[in-house]
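Visitor: What follows is the file work-v6.pdb, containing PDB, C-alpha atoms, pLDDT in the B column:
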MODEL        1
ATOM      1  CA  MET A  29       0.000   0.000   0.000  1.00 79.00           C
ATOM      2  CA  ALA A  30       1.372   3.400  -0.953  1.00 93.00           C
ATOM      3  CA  HIS A  31       1.586   6.164   1.641  1.00 98.00           C
ATOM      4  CA  THR A  32       2.055   9.864   1.057  1.00 98.00           C
ATOM      5  CA  ALA A  33       3.192  12.591   3.449  1.00 98.00           C
ATOM      6  CA  THR A  34       2.010  16.075   2.520  1.00 97.00           C
ATOM      7  CA  TRP A  35       2.702  19.442   4.046  1.00 96.00           C
ATOM      8  CA  HIS A  36       1.030  22.684   2.951  1.00 93.00           C
ATOM      9  CA  GLY A  37      -0.278  20.837  -0.112  1.00 92.00           C
ATOM     10  CA  LYS A  38       3.179  19.644  -1.156  1.00 94.00           C
ATOM     11  CA  THR A  39       4.196  15.990  -1.296  1.00 97.00           C
ATOM     12  CA  ILE A  40       7.294  15.537   0.833  1.00 97.00           C
ATOM     13  CA  ALA A  41       7.382  11.728   0.874  1.00 98.00           C
ATOM     14  CA  GLU A  42       5.735   8.929  -1.101  1.00 98.00           C
ATOM     15  CA  SER A  43       6.420   5.217  -1.023  1.00 98.00           C
ATOM     16  CA  GLU A  44       4.924   1.741  -1.302  1.00 97.00           C
ATOM     17  CA  ARG A  45       7.683   0.462   1.044  1.00 97.00           C
ATOM     18  CA  THR A  46       6.566   2.234   4.225  1.00 98.00           C
ATOM     19  CA  LEU A  47       6.482   0.472   7.586  1.00 97.00           C
ATOM     20  CA  GLU A  48       4.145   1.108  10.500  1.00 96.00           C
ATOM     21  CA  VAL A  49       5.857   0.846  13.869  1.00 95.00           C
ATOM     22  CA  GLY A  50       4.357   2.036  17.138  1.00 92.00           C
ATOM     23  CA  GLY A  51       1.422   3.655  15.346  1.00 94.00           C
ATOM     24  CA  TYR A  52       3.583   5.807  13.057  1.00 96.00           C
ATOM     25  CA  ILE A  53       4.278   5.370   9.351  1.00 97.00           C
ATOM     26  CA  TYR A  54       7.981   5.480   8.432  1.00 98.00           C
ATOM     27  CA  PHE A  55       9.319   6.259   4.955  1.00 98.00           C
ATOM     28  CA  PRO A  56      12.611   5.040   3.505  1.00 98.00           C
ATOM     29  CA  ARG A  57      14.961   8.033   3.426  1.00 98.00           C
ATOM     30  CA  ASP A  58      15.386   7.818  -0.368  1.00 98.00           C
ATOM     31  CA  THR A  59      11.638   8.503  -0.801  1.00 98.00           C
ATOM     32  CA  VAL A  60      11.673  11.701   1.294  1.00 98.00           C
ATOM     33  CA  ARG A  61      12.324  15.242   0.066  1.00 98.00           C
ATOM     34  CA  MET A  62      15.277  15.707   2.416  1.00 97.00           C
ATOM     35  CA  ASP A  63      15.810  19.191   0.934  1.00 97.00           C
ATOM     36  CA  LEU A  64      12.707  20.240   2.921  1.00 97.00           C
ATOM     37  CA  LEU A  65      14.040  18.875   6.229  1.00 98.00           C
ATOM     38  CA  LYS A  66      16.525  20.674   8.452  1.00 97.00           C
ATOM     39  CA  SER A  67      18.023  18.823  11.418  1.00 97.00           C
ATOM     40  CA  THR A  68      17.372  20.443  14.769  1.00 97.00           C
ATOM     41  CA  PRO A  69      19.707  20.676  17.750  1.00 97.00           C
ATOM     42  CA  LYS A  70      19.147  17.794  20.160  1.00 96.00           C
ATOM     43  CA  THR A  71      17.356  18.615  23.388  1.00 96.00           C
ATOM     44  CA  GLU A  72      18.093  17.009  26.744  1.00 97.00           C
ATOM     45  CA  ASN A  73      15.103  14.687  26.199  1.00 96.00           C
ATOM     46  CA  ASP A  74      16.318  13.775  22.698  1.00 97.00           C
ATOM     47  CA  LEU A  75      19.651  12.741  24.177  1.00 96.00           C
ATOM     48  CA  LYS A  76      17.838  10.377  26.562  1.00 96.00           C
ATOM     49  CA  CYS A  77      16.174   8.502  23.677  1.00 96.00           C
ATOM     50  CA  PRO A  78      17.590   4.963  23.497  1.00 95.00           C
ATOM     51  CA  HIS A  79      17.274   4.978  19.687  1.00 96.00           C
ATOM     52  CA  GLY A  80      19.391   8.063  18.928  1.00 96.00           C
ATOM     53  CA  VAL A  81      16.526  10.243  17.711  1.00 98.00           C
ATOM     54  CA  GLN A  82      17.180  13.153  15.372  1.00 98.00           C
ATOM     55  CA  PHE A  83      14.316  15.583  14.815  1.00 98.00           C
ATOM     56  CA  TYR A  84      13.893  17.739  11.721  1.00 98.00           C
ATOM     57  CA  ASP A  85      12.055  20.961  11.031  1.00 97.00           C
ATOM     58  CA  VAL A  86      10.055  20.898   7.805  1.00 97.00           C
ATOM     59  CA  VAL A  87      11.000  24.125   6.033  1.00 96.00           C
ATOM     60  CA  GLU A  88      10.372  25.851   2.734  1.00 92.00           C
ATOM     61  CA  GLY A  89      10.780  29.584   2.306  1.00 89.00           C
ATOM     62  CA  ASP A  90       9.053  31.253   5.267  1.00 91.00           C
ATOM     63  CA  ALA A  91       6.963  28.185   6.090  1.00 92.00           C
ATOM     64  CA  LEU A  92       8.151  26.137   9.078  1.00 95.00           C
ATOM     65  CA  SER A  93       6.825  23.169  11.038  1.00 96.00           C
ATOM     66  CA  PRO A  94       9.223  22.640  13.939  1.00 97.00           C
ATOM     67  CA  ARG A  95      10.272  19.081  14.780  1.00 97.00           C
ATOM     68  CA  ALA A  96       7.602  17.611  12.470  1.00 98.00           C
ATOM     69  CA  ALA A  97       9.854  14.758  11.286  1.00 98.00           C
ATOM     70  CA  TRP A  98      12.306  12.414  12.967  1.00 98.00           C
ATOM     71  CA  SER A  99      14.665   9.537  12.379  1.00 98.00           C
ATOM     72  CA  TYR A 100      16.291   6.953  14.637  1.00 98.00           C
ATOM     73  CA  GLU A 101      20.037   6.934  13.993  1.00 96.00           C
ATOM     74  CA  ALA A 102      21.072   4.260  16.520  1.00 96.00           C
ATOM     75  CA  PRO A 103      17.928   2.179  17.011  1.00 96.00           C
ATOM     76  CA  GLN A 104      17.696  -0.650  19.474  1.00 95.00           C
ATOM     77  CA  GLU A 105      16.231  -3.957  18.298  1.00 95.00           C
ATOM     78  CA  LYS A 106      12.526  -3.011  18.375  1.00 92.00           C
ATOM     79  CA  MET A 107      13.135  -0.053  16.006  1.00 96.00           C
ATOM     80  CA  LYS A 108      15.859  -1.606  13.800  1.00 96.00           C
ATOM     81  CA  SER A 109      13.408  -2.051  10.899  1.00 96.00           C
ATOM     82  CA  VAL A 110      13.190   1.740  10.501  1.00 97.00           C
ATOM     83  CA  ASP A 111      16.884   2.547  11.008  1.00 97.00           C
ATOM     84  CA  HIS A 112      17.434   6.018   9.465  1.00 97.00           C
ATOM     85  CA  TRP A 113      13.916   6.059   7.984  1.00 98.00           C
ATOM     86  CA  ILE A 114      11.771   9.189   8.428  1.00 98.00           C
ATOM     87  CA  GLY A 115       8.574   9.497  10.472  1.00 98.00           C
ATOM     88  CA  PHE A 116       6.221  12.486  10.418  1.00 98.00           C
ATOM     89  CA  TRP A 117       3.630  14.044  12.706  1.00 96.00           C
ATOM     90  CA  GLU A 118       2.184  17.431  13.713  1.00 94.00           C
ATOM     91  CA  ASP A 119       1.478  19.502  10.545  1.00 93.00           C
ATOM     92  CA  VAL A 120       2.436  16.721   8.140  1.00 97.00           C
ATOM     93  CA  ASP A 121      -0.511  14.683   6.864  1.00 97.00           C
ATOM     94  CA  VAL A 122       0.299  11.006   6.278  1.00 97.00           C
ATOM     95  CA  ARG A 123      -2.194   8.860   4.360  1.00 96.00           C
TER      96      ARG A 123
ENDMDL
END
In structure tokens, write the structure found in this file.
Guide:
Amino acid sequence: MAHTATWHGKTIAESERTLEVGGYIYFPRDTVRMDLLKSTPKTENDLKCPHGVQFYDVVEGDALSPRAAWSYEAPQEKMKSVDHWIGFWEDVDVR
């Protein structure tokens, strides 16, 4: 089944190879418009994450959705299937 992530009417990710883990849909990195994602500085809570979370702002021009995407860069076993894949929430609509 194909999934699409849209933000402000723009497709930022689309794939038939998505995985659902923990109630979130994850997209392979090569199917994501990484040019619209900007990594954010890690907070104290981010540093406590056992999976090495990295959050991203979704940005284009003056439009910004802070920390609306994330990736696990050092996932433990239960999240290994989405290692470095991208998840979305907040202002990003995933269908």
Visitor: Counting all atoms listed in the file, select every polymer residue within 10 Å of (10.9, 0.7, 15.9) as defined in the file's coordinates, and provide the selection as a PyMOL selection string.
Guide: chain A and resi 47-52+54+79+100+103-111
Visitor: Save out the residues we just selected, C-alpha atoms, as a compact mmCIF listing (two decimals), keeping the file's coordinate frame.
Guide:
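Result file follows (selection-v6.txt):
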# COMPACT_ATOMS: atom_id res chain seq x y z
CA LEU A 47 6.48 0.47 7.59
CA GLU A 48 4.14 1.11 10.50
CA VAL A 49 5.86 0.85 13.87
CA GLY A 50 4.36 2.04 17.14
CA GLY A 51 1.42 3.66 15.35
CA TYR A 52 3.58 5.81 13.06
CA TYR A 54 7.98 5.48 8.43
CA HIS A 79 17.27 4.98 19.69
CA TYR A 100 16.29 6.95 14.64
CA PRO A 103 17.93 2.18 17.01
CA GLN A 104 17.70 -0.65 19.47
CA GLU A 105 16.23 -3.96 18.30
CA LYS A 106 12.53 -3.01 18.38
CA MET A 107 13.14 -0.05 16.01
CA LYS A 108 15.86 -1.61 13.80
CA SER A 109 13.41 -2.05 10.90
CA VAL A 110 13.19 1.74 10.50
CA ASP A 111 16.88 2.55 11.01
Visitor: How would you write, as a short mmCIF file (atom, residue, chain, number, x, y, z; two decimals) with C-alpha atoms, in the coordinates of the input, the residues chosen by the PyMOL selection byres ((chain A and resi 90-97) around 6) on this structure?
Guide:
data_model
loop_
_atom_site.label_atom_id
_atom_site.label_comp_id
_atom_site.auth_asym_id
_atom_site.auth_seq_id
_atom_site.Cartn_x
_atom_site.Cartn_y
_atom_site.Cartn_z
CA PHE A 83 14.32 15.58 14.82
CA TYR A 84 13.89 17.74 11.72
CA ASP A 85 12.06 20.96 11.03
CA VAL A 86 10.06 20.90 7.80
CA VAL A 87 11.00 24.12 6.03
CA GLU A 88 10.37 25.85 2.73
CA GLY A 89 10.78 29.58 2.31
CA TRP A 98 12.31 12.41 12.97
CA GLY A 115 8.57 9.50 10.47
CA PHE A 116 6.22 12.49 10.42
CA TRP A 117 3.63 14.04 12.71
CA GLU A 118 2.18 17.43 13.71
#
Visitor: For the file shown, report as a ChimeraX atom specification the outcome of the PyMOL selection byres ((chain A and resi 77) around 12) at residue level.
Guide: /A:70-76,78-83,99-104,107
Visitor: Could you state which residues are captured by the PyMOL selection byres ((chain A and resi 43) around 8) in this file, as a VMD selection string?
Guide: chain A and resid 30 to 32 41 to 42 44 to 46 55 to 56 59
Visitor: Using the file's own x, y and z axes, what box holds all listed atoms of segment 97-115 of chain A with 8 Å on each side, keeping edges along x, y and z, and what are its centre and edge lengths in Å to one decimal, as lines of an AutoDock Vina configuration file?
Guide:
center_x = 14.8
center_y = 5.4
center_z = 13.7
size_x = 28.5
size_y = 34.7
size_z = 27.5
Visitor: I'd like the interatomic distance between atom CA of Ala33 of chain A and atom CA of Pro69 of chain A, to a tenth of an Å.
Guide: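 Rounded to one decimal, the two atoms are 23.3 Å apart.
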Visitor: Please, what distance in Å, to one decimal, runs between atom CA of Lys66 of chain A and atom CA of Arg123 of chain A?
Guide: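 Distance between the two atoms: 22.5 Å.
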Visitor: Using only C-alpha atoms, pick whichever of A:Ile40, A:Ile53, A:Asp119, A:His112 has the shortest atom-to-atom distance to Leu65 of chain A.
Guide: A:Ile40
Visitor: Could you give me, as a list of chain:residue names, the residues within 7 Å of Thr34 of chain A, counting only C-alpha atoms and dropping anything in the same chain fewer than 6 positions from it?
Guide: A:Ile40, A:Val120, A:Asp121, A:Val122
